[in-house]
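Trainee: mmCIF, C-alpha atoms, saved as final31.cif, coming up:
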data_upload
#
loop_
_atom_site.group_PDB
_atom_site.id
_atom_site.type_symbol
_atom_site.label_atom_id
_atom_site.label_comp_id
_atom_site.auth_asym_id
_atom_site.auth_seq_id
_atom_site.Cartn_x
_atom_site.Cartn_y
_atom_site.Cartn_z
ATOM 1 C CA MET X 1 -88.706 -23.802 105.139
ATOM 2 C CA THR X 2 -89.688 -27.239 103.774
ATOM 3 C CA GLU X 3 -88.243 -28.949 100.698
ATOM 4 C CA ASN X 4 -91.668 -29.002 98.992
ATOM 5 C CA SER X 5 -92.224 -25.296 99.455
ATOM 6 C CA LEU X 6 -88.805 -24.498 98.014
ATOM 7 C CA ASP X 7 -89.422 -26.803 95.039
ATOM 8 C CA THR X 8 -92.767 -25.140 94.384
ATOM 9 C CA ALA X 9 -91.222 -21.692 94.667
ATOM 10 C CA GLY X 10 -88.462 -22.565 92.220
ATOM 11 C CA ARG X 11 -90.905 -23.893 89.655
ATOM 12 C CA GLN X 12 -93.120 -20.856 90.072
ATOM 13 C CA ALA X 13 -90.118 -18.636 89.406
ATOM 14 C CA ALA X 14 -89.235 -20.452 86.186
ATOM 15 C CA ALA X 15 -92.666 -21.255 84.795
ATOM 16 C CA GLY X 16 -95.489 -19.638 86.698
ATOM 17 C CA GLY X 17 -94.920 -15.886 86.517
ATOM 18 C CA ALA X 18 -96.431 -15.099 83.145
ATOM 19 C CA SER X 19 -99.018 -17.888 83.392
ATOM 20 C CA GLY X 20 -100.276 -16.598 86.719
ATOM 21 C CA ALA X 21 -100.620 -13.091 85.340
ATOM 22 C CA ARG X 22 -102.589 -14.342 82.317
ATOM 23 C CA ALA X 23 -104.856 -16.404 84.570
ATOM 24 C CA ALA X 24 -105.588 -13.397 86.761
ATOM 25 C CA ALA X 25 -106.214 -11.141 83.780
ATOM 26 C CA SER X 26 -108.658 -13.601 82.198
ATOM 27 C CA THR X 27 -111.051 -13.454 85.185
ATOM 28 C CA PRO X 28 -113.694 -10.706 84.752
ATOM 29 C CA GLY X 29 -113.430 -8.043 87.381
ATOM 30 C CA SER X 30 -110.314 -9.470 88.913
ATOM 31 C CA VAL X 31 -107.778 -7.227 90.620
ATOM 32 C CA ASP X 32 -104.050 -7.936 90.389
ATOM 33 C CA THR X 33 -103.441 -8.112 94.105
ATOM 34 C CA PRO X 34 -100.518 -10.096 95.521
ATOM 35 C CA ASP X 35 -102.935 -12.639 97.004
ATOM 36 C CA ALA X 36 -104.675 -13.158 93.680
ATOM 37 C CA ILE X 37 -101.422 -13.554 91.779
ATOM 38 C CA GLY X 38 -100.094 -15.984 94.373
ATOM 39 C CA ALA X 39 -103.260 -18.069 94.203
ATOM 40 C CA ASN X 40 -103.185 -18.218 90.426
ATOM 41 C CA SER X 41 -99.475 -19.111 90.390
ATOM 42 C CA SER X 42 -99.967 -21.977 92.823
ATOM 43 C CA THR X 43 -102.871 -23.189 90.723
ATOM 44 C CA MET X 44 -100.704 -23.326 87.622
ATOM 45 C CA VAL X 45 -98.063 -25.543 89.195
ATOM 46 C CA GLY X 46 -100.271 -27.527 91.565
ATOM 47 C CA PRO X 47 -101.993 -30.867 91.024
ATOM 48 C CA PRO X 48 -105.147 -31.171 88.935
ATOM 49 C CA PRO X 49 -108.480 -30.378 90.610
ATOM 50 C CA GLY X 50 -109.357 -34.054 90.980
ATOM 51 C CA GLY X 51 -106.244 -34.685 93.041
ATOM 52 C CA GLY X 52 -103.200 -36.789 92.262
ATOM 53 C CA ARG X 53 -100.847 -36.581 89.298
ATOM 54 C CA PRO X 54 -101.999 -35.919 85.736
ATOM 55 C CA PRO X 55 -102.255 -39.080 83.629
ATOM 56 C CA ARG X 56 -99.005 -40.094 81.938
ATOM 57 C CA PRO X 57 -99.110 -40.280 78.136
ATOM 58 C CA THR X 58 -99.352 -43.796 76.780
ATOM 59 C CA LEU X 59 -96.728 -45.395 74.582
ATOM 60 C CA GLY X 60 -98.999 -45.116 71.542
ATOM 61 C CA HIS X 61 -99.541 -41.409 72.162
ATOM 62 C CA ARG X 62 -95.790 -40.843 72.434
ATOM 63 C CA ALA X 63 -95.247 -42.754 69.172
ATOM 64 C CA VAL X 64 -97.813 -40.577 67.410
ATOM 65 C CA VAL X 65 -96.203 -37.380 68.744
ATOM 66 C CA PHE X 66 -92.757 -38.624 67.715
ATOM 67 C CA ALA X 67 -93.937 -39.514 64.200
ATOM 68 C CA ASP X 68 -95.669 -36.135 63.885
ATOM 69 C CA SER X 69 -92.409 -34.367 64.767
ATOM 70 C CA LEU X 70 -90.426 -36.356 62.196
ATOM 71 C CA TRP X 71 -92.415 -36.263 58.970
ATOM 72 C CA ARG X 72 -91.773 -32.591 58.211
ATOM 73 C CA PRO X 73 -87.956 -32.710 58.426
ATOM 74 C CA ALA X 74 -88.042 -36.084 56.637
ATOM 75 C CA LEU X 75 -90.016 -34.491 53.800
ATOM 76 C CA VAL X 76 -87.561 -31.587 53.530
ATOM 77 C CA LEU X 77 -84.638 -34.033 53.540
ATOM 78 C CA ALA X 78 -86.265 -36.143 50.822
ATOM 79 C CA VAL X 79 -86.798 -33.071 48.635
ATOM 80 C CA PHE X 80 -83.160 -32.079 49.149
ATOM 81 C CA VAL X 81 -81.884 -35.557 48.205
ATOM 82 C CA VAL X 82 -84.076 -35.660 45.094
ATOM 83 C CA ALA X 83 -82.824 -32.224 44.009
ATOM 84 C CA TRP X 84 -79.233 -33.311 44.707
ATOM 85 C CA TRP X 85 -79.693 -36.497 42.678
ATOM 86 C CA PHE X 86 -81.303 -34.593 39.791
ATOM 87 C CA VAL X 87 -78.487 -32.020 39.565
ATOM 88 C CA ALA X 88 -75.732 -34.651 39.860
ATOM 89 C CA ALA X 89 -77.347 -37.195 37.500
ATOM 90 C CA ARG X 90 -77.896 -34.579 34.780
ATOM 91 C CA GLU X 91 -74.317 -33.364 35.412
ATOM 92 C CA TYR X 92 -75.326 -29.737 35.669
ATOM 93 C CA VAL X 93 -72.280 -29.742 37.954
ATOM 94 C CA PRO X 94 -69.422 -32.174 37.161
ATOM 95 C CA ASN X 95 -69.458 -35.345 39.256
ATOM 96 C CA TYR X 96 -65.919 -34.748 40.468
ATOM 97 C CA LEU X 97 -67.354 -31.688 42.246
ATOM 98 C CA VAL X 98 -70.839 -32.933 43.206
ATOM 99 C CA PRO X 99 -71.191 -36.735 43.180
ATOM 100 C CA THR X 100 -74.529 -38.516 43.022
ATOM 101 C CA PRO X 101 -76.119 -39.840 46.230
ATOM 102 C CA GLY X 102 -75.458 -43.356 44.907
ATOM 103 C CA GLN X 103 -71.733 -42.690 44.645
ATOM 104 C CA VAL X 104 -71.633 -41.314 48.170
ATOM 105 C CA TRP X 105 -73.563 -44.313 49.490
ATOM 106 C CA GLU X 106 -71.210 -46.713 47.719
ATOM 107 C CA THR X 107 -68.201 -44.971 49.263
ATOM 108 C CA MET X 108 -69.746 -45.160 52.728
ATOM 109 C CA THR X 109 -70.506 -48.875 52.408
ATOM 110 C CA THR X 110 -67.191 -49.924 50.878
ATOM 111 C CA GLN X 111 -65.085 -47.873 53.320
ATOM 112 C CA TRP X 112 -67.372 -48.170 56.320
ATOM 113 C CA SER X 113 -64.916 -49.847 58.692
ATOM 114 C CA GLU X 114 -62.334 -47.103 58.159
ATOM 115 C CA LEU X 115 -64.913 -44.318 58.318
ATOM 116 C CA ALA X 116 -66.416 -45.776 61.496
ATOM 117 C CA ARG X 117 -63.006 -45.775 63.171
ATOM 118 C CA HIS X 118 -62.413 -42.124 62.329
ATOM 119 C CA THR X 119 -65.974 -41.255 63.377
ATOM 120 C CA LEU X 120 -65.447 -42.778 66.818
ATOM 121 C CA VAL X 121 -62.275 -40.723 67.277
ATOM 122 C CA THR X 122 -64.075 -37.467 66.455
ATOM 123 C CA LEU X 123 -67.057 -38.486 68.588
ATOM 124 C CA TYR X 124 -64.803 -39.155 71.581
ATOM 125 C CA GLU X 125 -63.064 -35.791 71.206
ATOM 126 C CA THR X 126 -66.406 -34.010 70.832
ATOM 127 C CA VAL X 127 -68.118 -35.624 73.819
ATOM 128 C CA LEU X 128 -65.166 -35.154 76.151
ATOM 129 C CA GLY X 129 -64.707 -31.544 75.056
ATOM 130 C CA PHE X 130 -68.423 -30.840 75.492
ATOM 131 C CA VAL X 131 -68.573 -32.363 78.970
ATOM 132 C CA LEU X 132 -65.545 -30.375 80.115
ATOM 133 C CA ALA X 133 -66.936 -27.180 78.555
ATOM 134 C CA ALA X 134 -70.308 -27.720 80.262
ATOM 135 C CA ALA X 135 -68.703 -28.278 83.674
ATOM 136 C CA LEU X 136 -66.251 -25.380 83.421
ATOM 137 C CA GLY X 137 -68.879 -23.113 81.903
ATOM 138 C CA LEU X 138 -71.375 -23.789 84.683
ATOM 139 C CA VAL X 139 -68.782 -23.158 87.402
ATOM 140 C CA THR X 140 -67.733 -19.923 85.708
ATOM 141 C CA ALA X 141 -71.352 -18.817 85.299
ATOM 142 C CA VAL X 142 -72.047 -19.406 89.003
ATOM 143 C CA ALA X 143 -68.925 -17.455 89.967
ATOM 144 C CA ILE X 144 -69.865 -14.530 87.706
ATOM 145 C CA ALA X 145 -73.504 -14.490 88.835
ATOM 146 C CA TYR X 146 -72.720 -14.611 92.546
ATOM 147 C CA SER X 147 -69.736 -12.255 92.726
ATOM 148 C CA ARG X 148 -69.570 -8.771 91.272
ATOM 149 C CA THR X 149 -65.779 -8.815 91.635
ATOM 150 C CA LEU X 150 -65.451 -12.055 89.663
ATOM 151 C CA ASP X 151 -67.961 -10.705 87.165
ATOM 152 C CA LYS X 152 -65.739 -7.722 86.394
ATOM 153 C CA ALA X 153 -62.592 -9.874 86.440
ATOM 154 C CA LEU X 154 -63.698 -12.949 84.472
ATOM 155 C CA TYR X 155 -66.279 -11.670 81.988
ATOM 156 C CA PRO X 156 -63.812 -9.623 79.872
ATOM 157 C CA ILE X 157 -61.389 -12.559 79.814
ATOM 158 C CA VAL X 158 -64.119 -14.951 78.678
ATOM 159 C CA LEU X 159 -65.135 -12.528 75.937
ATOM 160 C CA PHE X 160 -61.507 -12.031 74.876
ATOM 161 C CA ALA X 161 -60.971 -15.794 74.642
ATOM 162 C CA GLN X 162 -64.121 -16.154 72.535
ATOM 163 C CA VAL X 163 -63.273 -13.545 69.900
ATOM 164 C CA ILE X 164 -59.852 -15.078 69.148
ATOM 165 C CA PRO X 165 -60.190 -17.258 66.015
ATOM 166 C CA LYS X 166 -59.694 -20.830 67.197
ATOM 167 C CA ILE X 167 -58.049 -21.847 63.940
ATOM 168 C CA ALA X 168 -55.329 -19.290 64.748
ATOM 169 C CA ILE X 169 -54.404 -20.878 68.078
ATOM 170 C CA ALA X 170 -54.719 -24.489 66.884
ATOM 171 C CA PRO X 171 -51.109 -24.647 65.620
ATOM 172 C CA LEU X 172 -49.905 -23.290 68.954
ATOM 173 C CA LEU X 173 -51.800 -26.014 70.809
ATOM 174 C CA VAL X 174 -50.227 -28.634 68.560
ATOM 175 C CA VAL X 175 -46.768 -27.273 69.361
ATOM 176 C CA TRP X 176 -47.539 -27.320 73.085
ATOM 177 C CA PHE X 177 -49.384 -30.639 73.384
ATOM 178 C CA GLY X 178 -48.323 -32.635 70.325
ATOM 179 C CA LEU X 179 -50.435 -34.452 67.741
ATOM 180 C CA GLY X 180 -52.542 -36.504 70.158
ATOM 181 C CA LEU X 181 -56.099 -35.975 71.356
ATOM 182 C CA THR X 182 -55.306 -33.156 73.793
ATOM 183 C CA PRO X 183 -55.237 -30.219 71.305
ATOM 184 C CA LYS X 184 -58.532 -31.346 69.741
ATOM 185 C CA ILE X 185 -60.246 -31.635 73.110
ATOM 186 C CA ILE X 186 -58.938 -28.231 74.215
ATOM 187 C CA LEU X 187 -60.252 -26.621 71.032
ATOM 188 C CA ALA X 188 -63.641 -28.266 71.533
ATOM 189 C CA VAL X 189 -63.709 -26.899 75.094
ATOM 190 C CA LEU X 190 -62.724 -23.400 73.992
ATOM 191 C CA ILE X 191 -65.417 -23.218 71.317
ATOM 192 C CA ALA X 192 -68.219 -24.784 73.393
ATOM 193 C CA PHE X 193 -67.370 -22.921 76.610
ATOM 194 C CA PHE X 194 -68.761 -19.475 75.749
ATOM 195 C CA PRO X 195 -72.447 -20.398 75.094
ATOM 196 C CA VAL X 196 -72.607 -22.294 78.389
ATOM 197 C CA VAL X 197 -71.271 -19.317 80.347
ATOM 198 C CA ILE X 198 -73.548 -16.773 78.684
ATOM 199 C CA SER X 199 -76.699 -18.871 79.059
ATOM 200 C CA GLY X 200 -75.812 -19.871 82.617
ATOM 201 C CA VAL X 201 -75.269 -16.281 83.730
ATOM 202 C CA ALA X 202 -78.491 -15.159 82.064
ATOM 203 C CA GLY X 203 -80.445 -17.941 83.745
ATOM 204 C CA LEU X 204 -78.978 -17.426 87.226
ATOM 205 C CA ARG X 205 -79.648 -13.694 87.054
ATOM 206 C CA SER X 206 -83.234 -14.099 85.871
ATOM 207 C CA THR X 207 -84.573 -15.311 89.237
ATOM 208 C CA ASP X 208 -87.166 -12.994 90.763
ATOM 209 C CA PRO X 209 -85.433 -11.014 93.577
ATOM 210 C CA GLU X 210 -88.624 -11.054 95.635
ATOM 211 C CA LEU X 211 -88.582 -14.848 95.568
ATOM 212 C CA LEU X 212 -84.975 -14.854 96.789
ATOM 213 C CA ASP X 213 -85.922 -12.475 99.602
ATOM 214 C CA LEU X 214 -88.819 -14.752 100.534
ATOM 215 C CA ALA X 215 -86.520 -17.788 100.670
ATOM 216 C CA ALA X 216 -84.055 -15.886 102.863
ATOM 217 C CA THR X 217 -86.757 -14.758 105.306
ATOM 218 C CA MET X 218 -87.960 -18.358 105.600
ATOM 219 C CA GLY X 219 -84.497 -19.562 106.590
ATOM 220 C CA ALA X 220 -83.120 -21.005 103.357
ATOM 221 C CA GLY X 221 -79.338 -20.739 103.122
ATOM 222 C CA PRO X 222 -77.378 -19.905 99.957
ATOM 223 C CA TRP X 223 -76.883 -23.554 98.970
ATOM 224 C CA ARG X 224 -80.553 -24.519 99.380
ATOM 225 C CA THR X 225 -81.633 -21.368 97.584
ATOM 226 C CA PHE X 226 -79.319 -22.236 94.693
ATOM 227 C CA ARG X 227 -80.400 -25.876 94.563
ATOM 228 C CA LYS X 228 -84.124 -25.278 94.908
ATOM 229 C CA ILE X 229 -84.691 -21.899 93.248
ATOM 230 C CA ARG X 230 -81.776 -20.421 91.314
ATOM 231 C CA PHE X 231 -80.612 -23.547 89.479
ATOM 232 C CA PRO X 232 -84.102 -24.787 88.429
ATOM 233 C CA ASN X 233 -84.885 -21.273 87.228
ATOM 234 C CA ALA X 234 -81.652 -21.204 85.198
ATOM 235 C CA LEU X 235 -82.148 -24.637 83.602
ATOM 236 C CA PRO X 236 -84.181 -23.460 80.555
ATOM 237 C CA HIS X 237 -81.492 -20.913 79.684
ATOM 238 C CA LEU X 238 -78.699 -23.361 80.435
ATOM 239 C CA MET X 239 -80.160 -26.133 78.289
ATOM 240 C CA ALA X 240 -80.465 -23.723 75.372
ATOM 241 C CA GLY X 241 -76.791 -22.892 75.740
ATOM 242 C CA LEU X 242 -75.848 -26.575 75.969
ATOM 243 C CA LYS X 243 -77.665 -27.317 72.714
ATOM 244 C CA VAL X 244 -75.598 -24.656 70.990
ATOM 245 C CA ALA X 245 -72.403 -25.797 72.697
ATOM 246 C CA VAL X 246 -72.742 -29.465 71.712
ATOM 247 C CA THR X 247 -72.837 -28.588 68.026
ATOM 248 C CA LEU X 248 -69.907 -26.200 68.378
ATOM 249 C CA ALA X 249 -67.881 -28.921 70.104
ATOM 250 C CA VAL X 250 -67.971 -30.897 66.848
ATOM 251 C CA VAL X 251 -66.515 -27.873 65.057
ATOM 252 C CA GLY X 252 -63.740 -27.574 67.640
ATOM 253 C CA ALA X 253 -62.746 -31.216 67.345
ATOM 254 C CA VAL X 254 -62.671 -31.085 63.535
ATOM 255 C CA VAL X 255 -60.680 -27.830 63.502
ATOM 256 C CA GLY X 256 -58.101 -29.465 65.735
ATOM 257 C CA GLU X 257 -57.887 -32.409 63.345
ATOM 258 C CA PHE X 258 -57.314 -30.025 60.437
ATOM 259 C CA VAL X 259 -54.119 -28.687 61.965
ATOM 260 C CA GLY X 260 -52.403 -31.867 63.044
ATOM 261 C CA ALA X 261 -53.876 -35.355 63.235
ATOM 262 C CA SER X 262 -53.498 -38.848 61.844
ATOM 263 C CA GLU X 263 -57.085 -39.920 62.489
ATOM 264 C CA GLY X 264 -60.546 -38.431 62.805
ATOM 265 C CA LEU X 265 -63.085 -37.055 60.355
ATOM 266 C CA GLY X 266 -61.158 -33.809 59.963
ATOM 267 C CA TYR X 267 -58.118 -35.799 58.868
ATOM 268 C CA VAL X 268 -60.258 -37.760 56.388
ATOM 269 C CA LEU X 269 -61.666 -34.497 55.052
ATOM 270 C CA LEU X 270 -58.166 -33.209 54.310
ATOM 271 C CA LEU X 271 -57.255 -36.456 52.551
ATOM 272 C CA ALA X 272 -60.413 -36.400 50.441
ATOM 273 C CA ASN X 273 -59.855 -32.755 49.535
ATOM 274 C CA GLY X 274 -56.245 -33.377 48.551
ATOM 275 C CA ASN X 275 -57.185 -36.361 46.373
ATOM 276 C CA LEU X 276 -60.252 -34.634 44.854
ATOM 277 C CA ASP X 277 -62.329 -37.559 46.134
ATOM 278 C CA ALA X 278 -65.761 -35.907 46.170
ATOM 279 C CA PRO X 279 -67.757 -39.017 47.250
ATOM 280 C CA LEU X 280 -65.474 -39.495 50.275
ATOM 281 C CA LEU X 281 -65.702 -35.777 51.010
ATOM 282 C CA PHE X 282 -69.499 -35.838 51.018
ATOM 283 C CA ALA X 283 -69.599 -39.042 53.087
ATOM 284 C CA ASP X 284 -67.306 -37.434 55.654
ATOM 285 C CA LEU X 285 -69.493 -34.322 55.848
ATOM 286 C CA ILE X 286 -72.589 -36.469 56.360
ATOM 287 C CA LEU X 287 -70.932 -38.309 59.253
ATOM 288 C CA MET X 288 -69.889 -35.012 60.863
ATOM 289 C CA SER X 289 -73.448 -33.759 60.612
ATOM 290 C CA ALA X 290 -74.754 -37.021 62.051
ATOM 291 C CA ILE X 291 -72.546 -36.635 65.127
ATOM 292 C CA GLY X 292 -73.862 -33.128 65.767
ATOM 293 C CA ILE X 293 -77.490 -34.131 65.220
ATOM 294 C CA VAL X 294 -77.299 -37.168 67.509
ATOM 295 C CA LEU X 295 -75.650 -35.198 70.316
ATOM 296 C CA PHE X 296 -78.156 -32.362 69.911
ATOM 297 C CA VAL X 297 -81.045 -34.840 70.203
ATOM 298 C CA LEU X 298 -79.506 -36.331 73.351
ATOM 299 C CA VAL X 299 -79.323 -32.878 74.950
ATOM 300 C CA GLU X 300 -82.916 -32.271 73.855
ATOM 301 C CA ILE X 301 -83.972 -35.504 75.589
ATOM 302 C CA ALA X 302 -82.092 -34.466 78.717
ATOM 303 C CA GLU X 303 -83.927 -31.131 78.635
ATOM 304 C CA ALA X 304 -87.292 -32.889 78.392
ATOM 305 C CA LEU X 305 -86.403 -35.035 81.409
ATOM 306 C CA LEU X 306 -85.015 -32.193 83.538
ATOM 307 C CA ILE X 307 -87.600 -29.470 82.900
ATOM 308 C CA PRO X 308 -90.854 -31.139 81.816
ATOM 309 C CA TRP X 309 -92.688 -28.438 83.818
ATOM 310 C CA HIS X 310 -91.361 -25.568 81.716
ATOM 311 C CA ALA X 311 -93.686 -23.834 79.251
ATOM 312 C CA SER X 312 -91.419 -24.661 76.303
ATOM 313 C CA ARG X 313 -91.874 -28.406 76.977
ATOM 314 C CA ARG X 314 -95.682 -28.400 77.223
ATOM 315 C CA ALA X 315 -97.587 -29.561 74.179
ATOM 316 C CA GLY X 316 -100.156 -27.154 72.845
ATOM 317 C CA VAL X 317 -98.859 -24.047 74.583
ATOM 318 C CA SER X 318 -99.670 -20.981 72.519
ATOM 319 C CA LEU X 319 -96.735 -18.680 71.813
ATOM 320 C CA THR X 320 -98.943 -15.704 70.948
ATOM 321 C CA THR X 321 -101.001 -13.369 73.084
ATOM 322 C CA SER X 322 -104.034 -13.355 70.825
#
Could you rewrite the structure in this file as C-alpha cells?
Mentor:
Amino acid sequence: MTENSLDTAGRQAAAGGASGARAAASTPGSVDTPDAIGANSSTMVGPPPGGGRPPRPTLGHRAVVFADSLWRPALVLAVFVVAWWFVAAREYVPNYLVPTPGQVWETMTTQWSELARHTLVTLYETVLGFVLAAALGLVTAVAIAYSRTLDKALYPIVLFAQVIPKIAIAPLLVVWFGLGLTPKIILAVLIAFFPVVISGVAGLRSTDPELLDLAATMGAGPWRTFRKIRFPNALPHLMAGLKVAVTLAVVGAVVGEFVGASEGLGYVLLLANGNLDAPLLFADLILMSAIGIVLFVLVEIAEALLIPWHASRRAGVSLTTS
C-alpha cells in the first residue's frame, strides 16, 4: 500500500464521506453504489479538473478575509467599551467598584513593567501546563481508544479526577510541592487534560471501520494506519479539544496562584482585591483574558495549517442542507 493511497484514504475518512454522498445524491438518476460513492469521494479530495494544485490565495485576499473576520468582534468590543465608559463616567456604579476605561488604562501604563513581569510568569505556567496536558492527554486517548482493558481501567479515573474541584486540591499541592511554579503547572495540567482526552478518544473512534479493514487488507500495519488514517481523522476533534484546553490552562495557572504565590496575575488579583484597587483589578483581568485569547488564536492558526482540507476550514462551505 503506497503512502499516497493511505494519505488519500485518511483524508477521505475525515472530510469526504458526507461530501461524496451529497455529490452522488445531486446527480439525477444516480444510484448509491459503492463504485459511485468511491468515485465521488475521490473527486472531492483530488486535484482540480485542469490538473495541478488549486491557486493559492494572494496576500491581498488573505488581508481582506482577515479584516472581514475582525470588524464584527471589534464592533461588539467598541460597543461594550462605550457602555462601560458611560456607566462609569455617570457613576451609576461607584468608581471604586467599576472604574472608567481611562483609569484602567492609566494603571496599565504607569505599572506596566510590574504587570508585564507578572504576565510573563502566568504565561509561562499556562503554556507549560497546556503542552504537558496536550501530550499526556493524547497518549491517554490513544491508550483508551486502542485497548478495551485500558478503556475500562483509565476512563473512570480520568472522570473522577475531572469532577474533583481543583481549588480544593490546590492547597494540598502547595503543601507537597511548595510555593514555586510546580503546583501552578500541575493545576493547569489537571484542568486542561480532560478536554484533550475526550476529544482525542472521540476522534480516534470516529474512523470508518471499513476504511480500517481496507488498510489492513492492503498491508498497512498498526503504526502506518494510525499515522495515515486514524490520526488525520482525529485531528478535527483533537483541535477542538485543544482550543478548549488552552483557555482552561489559564484558569488552572491562576487558581494555583490564588492559593500560594508571590508573583503572577493571580497574585496581583489578590493584592488588588485586598486593597480595593478596582483599576488594577480590571487591568489584571484584561491581561488574563489577553493571554487566553492569544493562545486560542495560536491554536486556531495551528488548526488551519494542519487540517486545511477539512470542511470546517473551507471558506464558503454551507452548514445547512437546504
Trainee: Could you state which residues are captured by the PyMOL selection byres ((chain X and resi 145) around 9) in this file, as an MDAnalysis selection string?
Mentor: chainID X and resid 140:144 146:148 150:151 200:202 204:205
Trainee: Given the file above and the PyMOL selection byres ((chain X and resi 120) around 12), which residues are selected, and can you give them as a ChimeraX atom specification?
Mentor: /X:112-119,121-127,253,263-265,287-288,290-291
Trainee: I want to know what sits within 12 Å of Ala261 (chain X), based on only C-alpha atoms, with residues of the same chain fewer than 4 positions away left out; could you give that as an NGL selection string?
Mentor: :X and (118 or 121-122 or 170-171 or 174 or 178-184 or 253-257 or 265-271)
Trainee: So the first atom is CA of Met108 (chain X) and the second is CA of Leu281 (chain X); what is the distance between them in Å, to one decimal place?
Mentor: 10.4 Å
Trainee: I need the residue set behind the PyMOL selection byres ((chain X and resi 240) around 10) for this file; please write it as a list in words.
Mentor: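 For this structure, the PyMOL selection byres ((chain X and resi 240) around 10) resolves to Pro195, Val196, Ser199, Gly200, Leu235, Pro236, His237, Leu238, Met239, Gly241, Leu242, Lys243, Val244, Ala245, Val299, Glu300 and Glu303 of chain X.
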Trainee: Could the residues in this selection be written to a file with C-alpha atoms, as an mmCIF file, keeping the file's coordinate frame?
Mentor:
data_model
loop_
_atom_site.group_PDB
_atom_site.id
_atom_site.type_symbol
_atom_site.label_atom_id
_atom_site.label_comp_id
_atom_site.auth_asym_id
_atom_site.auth_seq_id
_atom_site.Cartn_x
_atom_site.Cartn_y
_atom_site.Cartn_z
ATOM 1 C CA PRO X 195 -72.447 -20.398 75.094
ATOM 2 C CA VAL X 196 -72.607 -22.294 78.389
ATOM 3 C CA SER X 199 -76.699 -18.871 79.059
ATOM 4 C CA GLY X 200 -75.812 -19.871 82.617
ATOM 5 C CA LEU X 235 -82.148 -24.637 83.602
ATOM 6 C CA PRO X 236 -84.181 -23.460 80.555
ATOM 7 C CA HIS X 237 -81.492 -20.913 79.684
ATOM 8 C CA LEU X 238 -78.699 -23.361 80.435
ATOM 9 C CA MET X 239 -80.160 -26.133 78.289
ATOM 10 C CA GLY X 241 -76.791 -22.892 75.740
ATOM 11 C CA LEU X 242 -75.848 -26.575 75.969
ATOM 12 C CA LYS X 243 -77.665 -27.317 72.714
ATOM 13 C CA VAL X 244 -75.598 -24.656 70.990
ATOM 14 C CA ALA X 245 -72.403 -25.797 72.697
ATOM 15 C CA VAL X 299 -79.323 -32.878 74.950
ATOM 16 C CA GLU X 300 -82.916 -32.271 73.855
ATOM 17 C CA GLU X 303 -83.927 -31.131 78.635
#
Trainee: If you count all atoms listed in the file, which residues fall within 12 Å of Ile164 (chain X), apart from same-chain ones fewer than 4 positions away, as number ranges by chain?
Mentor: X: 157-160, 168-170, 187, 190-191, 194
